[in-house]
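Asks: If it helps, the file is called model01.txt and holds compact mmCIF, C-alpha atoms:
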```txt
# COMPACT_ATOMS: atom_id res chain seq x y z
CA MET A 1 0.00 0.00 0.00
CA CYS A 2 2.71 2.46 0.99
CA PHE A 3 4.39 2.16 -2.43
CA SER A 4 1.18 3.53 -3.99
CA PHE A 5 1.60 6.76 -2.02
CA ASN A 6 4.22 7.97 -4.49
CA ASN A 7 1.15 9.01 -6.50
CA ALA A 8 -0.73 12.15 -5.43
CA ALA A 9 -4.08 10.78 -6.63
CA ASN A 10 -3.58 7.71 -4.45
CA ARG A 11 -2.72 9.86 -1.44
CA ALA A 12 -5.96 11.78 -2.01
CA ALA A 13 -7.91 8.53 -2.36
CA PHE A 14 -6.54 7.31 0.97
CA LEU A 15 -7.59 10.52 2.67
CA ALA A 16 -11.02 10.44 1.04
CA ASP A 17 -11.82 6.88 2.16
CA GLU A 18 -9.14 5.27 4.29
CA GLU A 19 -11.17 2.17 5.03
CA ALA A 20 -11.81 1.40 1.36
CA TYR A 21 -8.22 2.15 0.45
CA CYS A 22 -6.83 -0.26 3.05
CA ARG A 23 -9.32 -2.91 1.97
CA LYS A 24 -8.20 -2.56 -1.64
CA TYR A 25 -4.64 -3.41 -0.58
CA GLY A 26 -5.73 -6.36 1.56
CA LEU A 27 -4.33 -5.16 4.88
CA THR A 28 -4.66 -7.70 7.67
CA GLY A 29 -6.81 -6.86 10.67
CA GLU A 30 -3.68 -6.15 12.68
CA GLN A 31 -2.30 -3.84 9.99
CA ARG A 32 -5.62 -2.05 9.54
CA ALA A 33 -5.97 -1.48 13.27
CA ALA A 34 -2.42 -0.11 13.49
CA VAL A 35 -3.06 2.35 10.66
CA ALA A 36 -6.42 3.40 12.12
CA ALA A 37 -4.80 4.02 15.50
CA ARG A 38 -1.82 5.87 13.91
CA ASP A 39 0.23 3.46 16.04
CA VAL A 40 3.65 3.42 14.40
CA PRO A 41 5.23 0.69 16.57
CA ALA A 42 2.20 -1.51 15.80
CA MET A 43 2.60 -0.80 12.06
CA LEU A 44 6.23 -1.91 12.33
CA ALA A 45 5.25 -4.98 14.33
CA ALA A 46 2.68 -5.83 11.66
CA GLY A 47 5.39 -5.93 9.01
CA GLY A 48 5.70 -2.30 7.95
CA ASN A 49 9.07 -0.92 6.83
CA VAL A 50 9.78 2.57 8.10
CA TYR A 51 11.20 3.79 4.77
CA TYR A 52 7.80 3.19 3.20
CA LEU A 53 5.69 4.00 6.26
CA ALA A 54 7.26 7.46 6.03
CA LYS A 55 5.15 8.00 2.91
CA LEU A 56 2.01 7.16 4.92
CA ALA A 57 3.22 9.39 7.73
CA GLY A 58 3.59 12.22 5.21
CA ILE A 59 -0.10 11.92 4.31
CA LEU A 60 -0.91 12.18 8.00
CA GLY A 61 1.23 15.31 8.26
CA LEU A 62 3.97 13.64 10.29
CA ASN A 63 7.71 13.85 9.57
CA VAL A 64 10.41 11.50 10.85
CA GLN A 65 10.90 13.59 13.97
CA ASP A 66 7.19 13.35 14.76
CA LEU A 67 7.50 9.59 14.24
CA GLY A 68 10.50 9.46 16.55
CA ALA A 69 8.60 11.31 19.25
CA LEU A 70 5.57 9.01 18.88
CA GLN A 71 7.69 5.89 19.12
CA THR A 72 9.77 6.98 22.08
CA GLY A 73 6.94 8.51 24.10
CA ARG A 74 8.49 11.98 24.01
CA SER A 75 7.12 15.29 22.87
CA VAL A 76 8.48 16.37 19.49
CA ASP A 77 10.43 19.17 21.18
CA ASP A 78 11.96 16.71 23.65
CA PHE A 79 12.85 14.34 20.82
CA LYS A 80 14.57 17.13 18.88
CA ALA A 81 16.35 18.27 22.04
CA MET A 82 17.62 14.73 22.61
CA LEU A 83 19.13 14.71 19.11
CA VAL A 84 20.76 18.11 19.59
CA ALA A 85 22.08 17.01 22.98
CA ALA A 86 23.95 14.18 21.27
CA ARG A 87 26.28 16.86 19.85
CA ALA A 88 27.82 17.32 23.28
CA GLY A 89 29.26 13.81 22.99
CA VAL A 90 31.06 14.53 19.73
CA ASP A 91 34.84 14.86 20.08
CA PRO A 92 36.11 18.10 18.46
CA ALA A 93 38.55 15.96 16.48
CA LEU A 94 35.52 14.39 14.86
CA GLY A 95 32.99 17.22 14.67
CA GLY A 96 33.09 20.08 12.20
CA LEU A 97 34.88 20.74 8.96
CA HIS A 98 38.39 19.37 8.51
CA ILE A 99 40.46 20.05 5.42
CA GLY A 100 43.13 17.50 4.45
CA SER A 101 46.50 18.28 6.03
CA ARG A 102 48.59 17.62 2.95
CA PRO A 103 48.19 19.69 -0.20
CA SER A 104 45.69 17.71 -2.18
CA ALA A 105 46.22 16.73 -5.76
CA SER A 106 43.43 19.12 -6.68
CA ALA A 107 45.21 21.98 -4.93
CA ARG A 108 48.46 21.09 -6.71
CA GLN A 109 46.53 21.03 -9.97
CA ARG A 110 45.21 24.53 -9.19
CA GLU A 111 48.71 25.79 -8.50
CA ASN A 112 50.03 24.30 -11.73
CA ALA A 113 47.13 25.57 -13.79
CA MET B 1 41.88 5.10 -20.44
CA ALA B 2 39.22 6.32 -18.10
CA GLN B 3 40.41 7.88 -14.86
CA VAL B 4 38.78 7.64 -11.42
CA VAL B 5 39.41 11.12 -10.03
CA GLY B 6 38.20 10.41 -6.50
CA GLY B 7 35.21 9.89 -4.28
CA TYR B 8 32.53 12.15 -2.82
CA PHE B 9 30.48 10.84 0.07
CA THR B 10 27.56 12.54 1.78
CA SER B 11 24.42 12.06 3.82
CA HIS B 12 21.25 12.28 1.75
CA VAL B 13 18.27 12.56 4.12
CA PRO B 14 15.13 14.17 2.57
CA SER B 15 15.13 17.00 5.11
CA ILE B 16 18.25 18.37 3.36
CA GLY B 17 16.03 18.83 0.32
CA GLY B 18 13.53 20.67 2.49
CA ALA B 19 16.27 22.96 3.81
CA ILE B 20 17.41 23.72 0.25
CA GLN B 21 13.81 24.39 -0.80
CA ARG B 22 13.35 26.86 2.06
CA GLY B 23 16.75 28.50 1.51
CA ASP B 24 17.86 27.49 5.01
CA GLN B 25 21.49 26.78 4.12
CA GLN B 26 22.75 29.57 6.38
CA ALA B 27 20.20 29.06 9.16
CA GLU B 28 21.84 28.22 12.48
CA TYR B 29 20.53 24.66 12.47
CA TRP B 30 21.73 23.86 8.95
CA LYS B 31 24.86 25.99 8.48
CA PRO B 32 27.36 23.51 9.99
CA PHE B 33 26.21 20.88 7.49
CA PHE B 34 26.06 23.13 4.40
CA ASP B 35 29.43 24.69 5.25
CA GLY B 36 30.96 21.36 4.25
CA PHE B 37 30.07 21.87 0.61
CA PRO B 38 32.17 24.80 -0.69
CA PRO B 39 35.29 22.58 -0.47
CA VAL B 40 33.40 19.78 -2.25
CA ARG B 41 32.40 22.16 -5.04
CA GLN B 42 35.94 23.51 -5.36
CA TRP B 43 37.32 20.00 -5.59
CA LEU B 44 34.75 19.01 -8.22
CA ALA B 45 35.60 22.11 -10.22
CA ASP B 46 39.30 21.16 -10.03
CA VAL B 47 38.96 17.51 -10.97
CA ALA B 48 36.23 18.21 -13.55
CA PRO B 49 34.53 14.81 -13.73
CA ASP B 50 32.25 14.01 -16.64
CA VAL B 51 30.76 10.80 -15.25
CA ALA B 52 29.45 9.94 -11.77
CA VAL B 53 29.14 6.35 -10.61
CA VAL B 54 26.85 6.53 -7.60
CA PHE B 55 26.23 3.91 -4.91
CA TYR B 56 22.97 4.69 -3.13
CA ASN B 57 19.81 3.07 -1.82
CA ASP B 58 16.32 3.50 -3.18
CA HIS B 59 13.63 4.40 -0.60
CA GLY B 60 10.57 3.02 -2.35
CA LEU B 61 10.49 5.14 -5.48
CA ASN B 62 11.72 2.54 -7.98
CA PHE B 63 11.90 -0.63 -5.88
CA PHE B 64 9.36 -1.97 -3.43
CA LEU B 65 9.28 -5.10 -1.32
CA ASP B 66 7.58 -7.05 -4.11
CA ALA B 67 10.86 -7.14 -6.05
CA MET B 68 13.91 -6.00 -4.12
CA PRO B 69 17.29 -6.50 -5.75
CA THR B 70 20.32 -6.70 -3.48
CA PHE B 71 22.45 -4.94 -6.08
CA ALA B 72 20.97 -3.15 -9.11
CA VAL B 73 22.95 -1.38 -11.83
CA GLY B 74 21.27 1.17 -14.08
CA ALA B 75 21.84 0.96 -17.82
CA ALA B 76 19.39 3.59 -18.98
CA PRO B 77 19.99 6.53 -21.32
CA ARG B 78 18.16 8.76 -18.84
CA TYR B 79 17.04 8.60 -15.23
CA ASP B 80 14.13 10.60 -13.85
CA ASN B 81 13.24 11.55 -10.31
CA ALA B 82 9.53 11.57 -9.41
CA ASP B 83 7.08 12.30 -6.61
CA GLU B 84 8.29 10.35 -3.57
CA GLY B 85 5.20 11.11 -1.53
CA TRP B 86 6.66 13.34 1.16
CA GLY B 87 6.62 16.78 -0.39
CA LEU B 88 10.06 17.15 -1.94
CA PRO B 89 10.23 18.90 -5.31
CA VAL B 90 10.74 16.63 -8.32
CA TYR B 91 14.42 17.00 -9.11
CA LYS B 92 16.21 17.28 -12.44
CA SER B 93 16.70 14.25 -14.65
CA PHE B 94 20.07 12.62 -15.20
CA GLU B 95 21.70 11.69 -18.49
CA GLY B 96 22.90 8.10 -18.39
CA HIS B 97 25.98 6.48 -19.88
CA PRO B 98 24.64 3.14 -21.14
CA ASN B 99 27.91 2.01 -22.72
CA LEU B 100 29.83 2.42 -19.47
CA SER B 101 26.92 0.89 -17.54
CA TRP B 102 27.06 -2.22 -19.72
CA HIS B 103 30.82 -2.45 -19.29
CA VAL B 104 30.32 -2.33 -15.50
CA ILE B 105 27.51 -4.90 -15.72
CA GLU B 106 29.56 -7.27 -17.90
CA THR B 107 32.55 -6.94 -15.58
CA LEU B 108 30.42 -7.61 -12.50
CA VAL B 109 28.71 -10.66 -13.96
CA GLU B 110 32.07 -11.98 -15.16
CA ALA B 111 33.28 -11.53 -11.57
CA GLU B 112 30.28 -13.63 -10.41
CA PHE B 113 28.16 -10.82 -8.93
CA ASP B 114 24.55 -11.79 -9.66
CA ILE B 115 23.25 -8.28 -10.13
CA THR B 116 19.97 -6.89 -11.42
CA THR B 117 20.21 -4.82 -14.58
CA CYS B 118 17.82 -1.88 -14.98
CA GLN B 119 17.35 -0.36 -18.41
CA LYS B 120 14.65 1.81 -16.91
CA MET B 121 14.71 3.11 -13.35
CA LEU B 122 13.59 6.09 -11.35
CA VAL B 123 16.17 7.55 -8.98
CA ASP B 124 15.22 9.15 -5.70
CA HIS B 125 16.47 11.81 -3.27
CA ALA B 126 19.42 9.62 -2.32
CA LEU B 127 20.85 10.53 -5.72
CA SER B 128 19.31 13.95 -6.33
CA ILE B 129 20.22 15.56 -3.00
CA PRO B 130 23.97 14.82 -3.22
CA PHE B 131 23.91 16.32 -6.73
CA GLU B 132 21.95 19.37 -5.54
CA LEU B 133 24.55 19.85 -2.80
CA ALA B 134 27.47 19.46 -5.18
CA TRP B 135 26.19 21.55 -8.09
CA PRO B 136 23.53 23.84 -6.58
CA ASP B 137 23.40 26.24 -9.52
CA ALA B 138 23.56 23.76 -12.38
CA GLU B 139 20.78 23.98 -14.94
CA ALA B 140 21.69 20.47 -16.06
CA TRP B 141 23.98 18.04 -14.27
CA PRO B 142 27.55 18.34 -15.57
CA VAL B 143 28.13 14.57 -15.36
CA ARG B 144 26.51 11.51 -16.86
CA LEU B 145 25.27 8.91 -14.41
CA VAL B 146 25.81 5.24 -13.71
CA PRO B 147 23.61 4.46 -10.66
CA ILE B 148 24.19 1.39 -8.51
CA ALA B 149 21.47 0.71 -5.93
CA ILE B 150 22.23 -1.40 -2.86
CA ASN B 151 19.46 -2.81 -0.70
CA THR B 152 20.00 -1.15 2.66
CA VAL B 153 16.29 -0.98 3.44
CA GLN B 154 14.98 -4.49 4.06
CA PHE B 155 16.84 -7.41 5.60
CA PRO B 156 18.56 -9.57 4.56
CA LEU B 157 21.13 -6.95 3.56
CA PRO B 158 24.40 -7.65 1.78
CA SER B 159 27.39 -7.82 4.11
CA PRO B 160 29.88 -4.95 4.34
CA ARG B 161 32.50 -7.35 2.98
CA ARG B 162 30.36 -8.12 -0.06
CA CYS B 163 29.71 -4.42 -0.65
CA LEU B 164 33.44 -3.66 -0.55
CA ALA B 165 34.06 -6.49 -3.01
CA LEU B 166 31.31 -5.19 -5.29
CA GLY B 167 32.82 -1.73 -5.20
CA ARG B 168 36.29 -3.07 -5.96
CA ALA B 169 34.92 -4.96 -8.97
CA VAL B 170 33.18 -1.79 -10.17
CA GLY B 171 36.49 0.05 -9.75
CA ARG B 172 38.26 -2.53 -11.92
CA ALA B 173 35.56 -2.04 -14.55
CA LEU B 174 35.99 1.74 -14.47
CA ARG B 175 39.77 1.60 -14.75
CA SER B 176 39.54 -0.83 -17.67
CA TRP B 177 37.02 1.27 -19.59
CA LYS B 178 38.47 2.24 -22.95
CA GLY B 179 37.01 5.76 -22.95
CA ASP B 180 38.79 8.83 -21.64
CA GLU B 181 36.11 9.81 -19.12
CA ARG B 182 36.98 11.37 -15.79
CA ILE B 183 34.90 9.50 -13.25
CA VAL B 184 33.87 10.58 -9.77
CA VAL B 185 32.57 7.84 -7.49
CA MET B 186 29.87 8.74 -4.98
CA GLY B 187 28.53 6.99 -1.90
CA THR B 188 25.41 8.43 -0.30
CA GLY B 189 23.51 8.02 2.96
CA GLY B 190 24.31 7.67 6.64
CA LEU B 191 25.90 8.19 8.94
CA SER B 192 24.40 6.80 12.15
CA HIS B 193 20.64 7.15 12.46
CA GLN B 194 17.59 5.14 13.33
CA LEU B 195 14.05 6.12 12.43
CA GLU B 196 12.04 3.31 13.89
CA GLY B 197 11.12 1.72 17.17
CA ALA B 198 11.94 2.46 20.76
CA ARG B 199 15.52 3.30 19.73
CA ALA B 200 14.38 6.00 17.25
CA GLY B 201 16.79 8.92 17.44
CA PHE B 202 19.78 6.67 18.14
CA LEU B 203 23.09 8.21 17.02
CA ASN B 204 26.56 6.76 17.48
CA PRO B 205 29.41 9.24 16.99
CA ASP B 206 31.93 6.61 18.13
CA TYR B 207 31.03 4.23 15.32
CA ASP B 208 30.81 7.14 12.84
CA ARG B 209 34.31 8.14 13.85
CA PHE B 210 35.51 4.57 13.36
CA CYS B 211 34.09 4.67 9.82
CA LEU B 212 35.48 8.09 8.96
CA ASP B 213 38.90 7.29 10.40
CA HIS B 214 39.27 4.09 8.36
CA LEU B 215 37.52 5.03 5.11
CA ALA B 216 40.57 6.45 3.36
CA ASP B 217 43.34 4.09 4.46
CA ASP B 218 41.76 0.87 5.67
CA PRO B 219 38.19 0.36 4.45
CA ALA B 220 38.52 -3.36 5.15
CA ALA B 221 38.23 -2.41 8.84
CA LEU B 222 34.58 -1.54 8.12
CA THR B 223 33.98 -5.09 6.91
CA THR B 224 34.80 -6.71 10.24
CA HIS B 225 31.14 -6.25 11.23
CA SER B 226 28.16 -8.10 9.77
CA ALA B 227 25.23 -6.13 8.35
CA GLU B 228 23.30 -6.94 11.54
CA GLU B 229 26.14 -5.63 13.67
CA VAL B 230 26.25 -2.44 11.58
CA ALA B 231 22.51 -1.96 12.21
CA GLU B 232 23.24 -2.32 15.91
CA LEU B 233 26.19 0.08 15.80
CA ALA B 234 24.94 2.65 13.29
CA GLY B 235 21.18 2.32 13.67
CA THR B 236 18.76 0.64 11.33
CA GLN B 237 19.12 3.44 8.76
CA GLY B 238 22.81 3.92 9.51
CA VAL B 239 23.32 0.74 7.49
CA GLU B 240 23.40 3.12 4.53
CA ILE B 241 27.13 3.13 5.29
CA LEU B 242 27.11 0.09 2.98
CA ASN B 243 26.85 2.57 0.09
CA TRP B 244 29.97 4.34 1.34
CA ILE B 245 31.85 1.07 1.72
CA ALA B 246 31.04 0.04 -1.84
CA ALA B 247 31.98 3.47 -3.19
CA ARG B 248 35.27 3.36 -1.30
CA GLY B 249 35.90 -0.04 -2.85
CA ALA B 250 35.54 1.46 -6.32
CA LEU B 251 38.41 3.87 -5.56
CA GLY B 252 40.75 0.88 -5.47
CA GLU B 253 42.89 -0.87 -2.90
CA ALA B 254 45.50 1.88 -2.50
CA PRO B 255 45.12 4.27 0.46
CA GLN B 256 43.37 7.49 -0.47
CA ALA B 257 44.10 11.06 0.58
CA MET B 258 41.43 12.92 2.52
CA VAL B 259 40.63 16.20 0.76
CA MET B 260 38.01 17.20 3.32
CA ARG B 261 35.61 15.82 5.83
CA ASN B 262 32.72 17.37 7.71
CA TYR B 263 30.73 15.82 10.54
CA HIS B 264 27.76 17.38 12.25
CA VAL B 265 25.12 16.16 14.71
CA PRO B 266 22.21 16.32 14.10
CA ILE B 267 20.38 17.08 10.90
CA SER B 268 16.86 15.80 11.32
CA ASN B 269 17.38 12.40 13.00
CA THR B 270 20.79 11.88 11.43
CA ALA B 271 24.46 12.25 12.18
CA ALA B 272 25.57 13.92 8.96
CA ALA B 273 28.91 13.56 7.23
CA THR B 274 30.52 14.68 4.00
CA VAL B 275 33.89 13.39 2.76
CA VAL B 276 36.03 13.81 -0.33
CA LEU B 277 38.84 11.34 -1.05
CA GLU B 278 41.24 11.28 -3.96
CA PRO B 279 44.15 9.09 -5.02
CA ALA B 280 47.08 9.68 -2.68
```
Take the structure in this file and express it as structure tokens.

Replies:
Amino acid sequence: MCFSFNNAANRAAFLADEEAYCRKYGLTGEQRAAVAARDVPAMLAAGGNVYYLAKLAGILGLNVQDLGALQTGRSVDDFKAMLVAARAGVDPALGGLHIGSRPSASARQRENA
Amino acid sequence: MAQVVGGYFTSHVPSIGGAIQRGDQQAEYWKPFFDGFPPVRQWLADVAPDVAVVFYNDHGLNFFLDAMPTFAVGAAPRYDNADEGWGLPVYKSFEGHPNLSWHVIETLVEAEFDITTCQKMLVDHALSIPFELAWPDAEAWPVRLVPIAINTVQFPLPSPRRCLALGRAVGRALRSWKGDERIVVMGTGGLSHQLEGARAGFLNPDYDRFCLDHLADDPAALTTHSAEEVAELAGTQGVEILNWIAARGALGEAPQAMVMRNYHVPISNTAAATVVLEPA
């Protein structure tokens, strides 16, 4: 079903009649209940793949950070804050922009040009 | 003979496309990521590639679970992007290089890689966003494309060791190509991130550092883990590092010189990285 959501007309059809749309794709009772409840962990447990469920989430107005918040029982702001807080654990030798220490072949090429 | 000029690696998450669309490149949240790209663009201008061989993963635009190739090589004259269902603009099309694609395909099959060959395929944001980042002002892409899709989305996934071997075989094909093309290899996706489940939001800078520290000189170090172990270490979407491993393989067995690297946490749910390598 989620593959069909690449098509705008299909996304509109889902929104217009979700029950009929799910029936057309033969969702199991477990899958249908998970979609109806907007229960992302249950969708995953029922065999959903998050890369494709993201297309369904998009129809429902949810992005991957909303999904993360839903799945971890946090508010969206708390979920985002958790991600930003992870930066504190990044060693300065790792984080940020580092330019190669030796003159690169491309730089030599520039000089010789 | 064709020349492999180096490798360009970058994260590809859709939210980068959203930031570009909104013009947020210099916004506080996004600036540390986008600041990695002027050196990429300078390097690309210097090495002037005319072909890009890109290792990436499709996210349900061309492939779905009904038919999921482990490795798929494009051999089309043209590749289009299309509506992916989550609001990104439809990106520019790519001109293919079917003759080089077939040379890669023949070399891979000869080397006993049982690949899928695609004479028609859509390519998604995992390809378009790295191009948008590299050539933001291009009216048409300055390189022709050979896309190689790796299944990083649904287990069972190929092992890191197999991906490195695939990349090395692609590299042998590129270096034996009779044309005089200048070829840039790209690997897209990663680094650590996980979208699903109770561990959603998982990031692992230690594993990312391990990958970045070994990519240039010792990519075989990245193959000491199984695909399952990589999912544990990098997150279930961090397994996109497989695309980087394959791309590094295509640069050959010799150590590479690091031209630049940028690492920033977070963009969206992702630890983002950008790297350029070239022959030492």

Asks: Residues of chain B that approach chain A to 6 Å or less, counting only C-alpha atoms: could you list each one with the shortest pair of atoms and its distance in Å to one decimal, rows by chain and increasing residue number, as JSON lines?

Replies:
```
{"residue": "B:Asp46", "atom": "CA", "partner": "A:Ser106", "partner_atom": "CA", "distance": 5.7}
{"residue": "B:His59", "atom": "CA", "partner": "A:Tyr51", "partner_atom": "CA", "distance": 5.9}
{"residue": "B:Asp83", "atom": "CA", "partner": "A:Asn6", "partner_atom": "CA", "distance": 5.6}
{"residue": "B:Glu84", "atom": "CA", "partner": "A:Asn6", "partner_atom": "CA", "distance": 4.8}
{"residue": "B:Gly85", "atom": "CA", "partner": "A:Asn6", "partner_atom": "CA", "distance": 4.4}
{"residue": "B:Trp86", "atom": "CA", "partner": "A:Gly58", "partner_atom": "CA", "distance": 5.2}
{"residue": "B:Gly197", "atom": "CA", "partner": "A:Gln71", "partner_atom": "CA", "distance": 5.7}
{"residue": "B:Ala198", "atom": "CA", "partner": "A:Thr72", "partner_atom": "CA", "distance": 5.2}
{"residue": "B:Ala200", "atom": "CA", "partner": "A:Gly68", "partner_atom": "CA", "distance": 5.2}
{"residue": "B:Met258", "atom": "CA", "partner": "A:Gly100", "partner_atom": "CA", "distance": 5.3}
{"residue": "B:Val259", "atom": "CA", "partner": "A:Gly100", "partner_atom": "CA", "distance": 4.6}
{"residue": "B:Met260", "atom": "CA", "partner": "A:Ile99", "partner_atom": "CA", "distance": 4.3}
{"residue": "B:Arg261", "atom": "CA", "partner": "A:His98", "partner_atom": "CA", "distance": 5.2}
{"residue": "B:Asn262", "atom": "CA", "partner": "A:Leu97", "partner_atom": "CA", "distance": 4.2}
{"residue": "B:Tyr263", "atom": "CA", "partner": "A:Gly95", "partner_atom": "CA", "distance": 4.9}
{"residue": "B:His264", "atom": "CA", "partner": "A:Gly95", "partner_atom": "CA", "distance": 5.8}
{"residue": "B:Val265", "atom": "CA", "partner": "A:Arg87", "partner_atom": "CA", "distance": 5.3}
{"residue": "B:Pro266", "atom": "CA", "partner": "A:Val84", "partner_atom": "CA", "distance": 6.0}
```

Asks: Write out as a list in words each polymer residue whose atoms come within 6 Å of B:Arg144, counting all atoms listed in the file; drop sequence neighbours fewer than 5 positions from it.

Replies: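 After dropping sequence-adjacent residues, the list is Val51, Glu95, Gly96 and His97 of chain B.
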
Asks: Report the distance between atom CA of B:Glu232 and atom CA of B:Ala246 in Å, rounded to one decimal place.

Replies: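 It comes out at 19.5 Å.
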
Asks: Report, in Å to a single decimal, how far apart atom CA of B:Phe155 and atom CA of B:Ser226 are.

Replies: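 Going from atom CA of B:Ser226 over to atom CA of B:Phe155 covers 12.1 Å.
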
Asks: Please, what distance in Å, to one decimal, runs between atom CA of A:Glu30 and atom CA of B:Phe202?

Replies: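 Rounded to one decimal, the two atoms are 27.3 Å apart.
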
Asks: Determine, counting all atoms listed in the file, which protein, DNA and RNA residues have an atom within 10 Å of an atom of B:Pro77; residues of the same chain fewer than 2 positions away are not included. Present the result as number ranges by chain.

Replies: B: 74-75, 79, 94-99, 101, 119-120, 144-146

Asks: Once you have the residues from the selection above, write them out as an mmCIF file, keeping the file's coordinate frame, restricted to C-alpha atoms.

Replies:
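Saved as out00.cif:
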```
data_model
loop_
_atom_site.group_PDB
_atom_site.id
_atom_site.type_symbol
_atom_site.label_atom_id
_atom_site.label_comp_id
_atom_site.auth_asym_id
_atom_site.auth_seq_id
_atom_site.Cartn_x
_atom_site.Cartn_y
_atom_site.Cartn_z
ATOM 1 C CA GLY B 74 21.270 1.170 -14.080
ATOM 2 C CA ALA B 75 21.840 0.960 -17.820
ATOM 3 C CA TYR B 79 17.040 8.600 -15.230
ATOM 4 C CA PHE B 94 20.070 12.620 -15.200
ATOM 5 C CA GLU B 95 21.700 11.690 -18.490
ATOM 6 C CA GLY B 96 22.900 8.100 -18.390
ATOM 7 C CA HIS B 97 25.980 6.480 -19.880
ATOM 8 C CA PRO B 98 24.640 3.140 -21.140
ATOM 9 C CA ASN B 99 27.910 2.010 -22.720
ATOM 10 C CA SER B 101 26.920 0.890 -17.540
ATOM 11 C CA GLN B 119 17.350 -0.360 -18.410
ATOM 12 C CA LYS B 120 14.650 1.810 -16.910
ATOM 13 C CA ARG B 144 26.510 11.510 -16.860
ATOM 14 C CA LEU B 145 25.270 8.910 -14.410
ATOM 15 C CA VAL B 146 25.810 5.240 -13.710
#
```

Asks: Show me the residues around (27.6, -10.6, -7.8) - criterion: an atom at most 10 Å away, only C-alpha atoms counted - as a list of chain:residue names.

Replies: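 It turns out the residues near that spot are B:Thr70, B:Phe71, B:Ile105, B:Thr107, B:Leu108, B:Val109, B:Glu110, B:Ala111, B:Glu112, B:Phe113, B:Asp114, B:Ile115, B:Thr116, B:Arg162, B:Cys163, B:Ala165, B:Leu166, B:Ala169.
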
Asks: Considering all atoms listed in the file, return as a list in words whatever protein or nucleic-acid residues lie within 7 Å of B:Tyr8, sequence-local ones (same chain, fewer than 6 positions apart) excluded.

Replies: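 Listing them by chain and then by number gives Val185, Met186, Gly187, Val275, Val276 and Leu277 of chain B.
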
Asks: Could you check which of B:Ala173, B:Leu127, B:Pro156, B:Arg199 is closest to B:Ala227, using all atoms listed in the file?

Replies: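 Comparing B:Ala173, B:Leu127, B:Pro156, B:Arg199 against B:Ala227, the winner is B:Pro156.
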
Asks: Show which residues sit within 8 Å of B:Gly167, as a ChimeraX atom specification. Count all atoms listed in the file, and ignore same-chain residues fewer than 3 positions away.

Replies: /B:163-164,170-171,245-251

Asks: Neighbouring residues of B:Val40 were defined as those with any atom within 7 Å, considering only C-alpha atoms; residues of the same chain fewer than 3 positions away were excluded. Please report them as a VMD selection string.

Replies: chain B and resid 37 43 to 44 134 276

Asks: Using all atoms listed in the file for the distances, tell me which of A:Ala36, A:Ser75, A:Asp66, A:Met43 is nearest to A:Leu15.

Replies: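 Checking each of A:Ala36, A:Ser75, A:Asp66, A:Met43 against A:Leu15, counting all atoms listed in the file, the winner is A:Ala36.
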
Asks: For a quick check of understanding, using only C-alpha atoms, which of A:Leu60, A:Asp39, A:Gly48, A:Gln31 has the smallest distance to A:Phe14?

Replies: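 Closest residue, counting only C-alpha atoms: A:Leu60.
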
Asks: Could you work out an axis-aligned bounding box for all listed atoms of stretch 78-91 of chain A, with 4 Å added on each of the six sides, and give its centre and edge lengths in Å to one decimal, as AutoDock Vina command-line options?

Replies:
```
--center_x 23.4 --center_y 16.0 --center_z 21.3 --size_x 30.9 --size_y 12.5 --size_z 12.8
```

Asks: In terms of the shortest atom-to-atom distance over only C-alpha atoms, which of B:Pro69, B:Pro14, B:Pro205, B:Pro89 is closest to B:Gly238?

Replies: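 Ranked by minimum distance to B:Gly238, first place goes to B:Pro205.
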
Asks: Which protein, DNA or RNA residues have an atom at most 9 Å from (21.8, 10.5, 2.3), counting all atoms listed in the file? List them as a list in words.

Replies: Phe9, Thr10, Ser11, His12, Val13, Pro14, Ile16, Tyr56, Asn57, His125, Ala126, Leu127, Ile129, Pro130, Gly187, Thr188, Gly189, Gly190, Leu191, Glu240 and Ala272 of chain B

Asks: Can you sort out stretch 123-130 of chain B so it carries N, CA and C atoms, written as a CSV table (one decimal), in the coordinates of the input?

Replies:
```csv
chain,number,residue,atom,x,y,z
B,123,VAL,N,15.2,7.4,-10.1
B,123,VAL,CA,16.2,7.6,-9.0
B,123,VAL,C,15.6,8.6,-8.0
B,124,ASP,N,15.9,8.3,-6.7
B,124,ASP,CA,15.2,9.2,-5.7
B,124,ASP,C,16.2,10.2,-5.0
B,125,HIS,N,15.7,10.7,-3.9
B,125,HIS,CA,16.5,11.8,-3.3
B,125,HIS,C,17.9,11.4,-2.9
B,126,ALA,N,18.1,10.1,-2.7
B,126,ALA,CA,19.4,9.6,-2.3
B,126,ALA,C,20.4,9.9,-3.4
B,127,LEU,N,20.0,10.1,-4.6
B,127,LEU,CA,20.8,10.5,-5.7
B,127,LEU,C,20.7,12.0,-6.0
B,128,SER,N,19.5,12.5,-6.0
B,128,SER,CA,19.3,14.0,-6.3
B,128,SER,C,19.9,14.9,-5.3
B,129,ILE,N,19.8,14.6,-4.0
B,129,ILE,CA,20.2,15.6,-3.0
B,129,ILE,C,21.7,15.7,-3.0
B,130,PRO,N,22.5,14.6,-3.1
B,130,PRO,CA,24.0,14.8,-3.2
B,130,PRO,C,24.4,15.7,-4.5
```
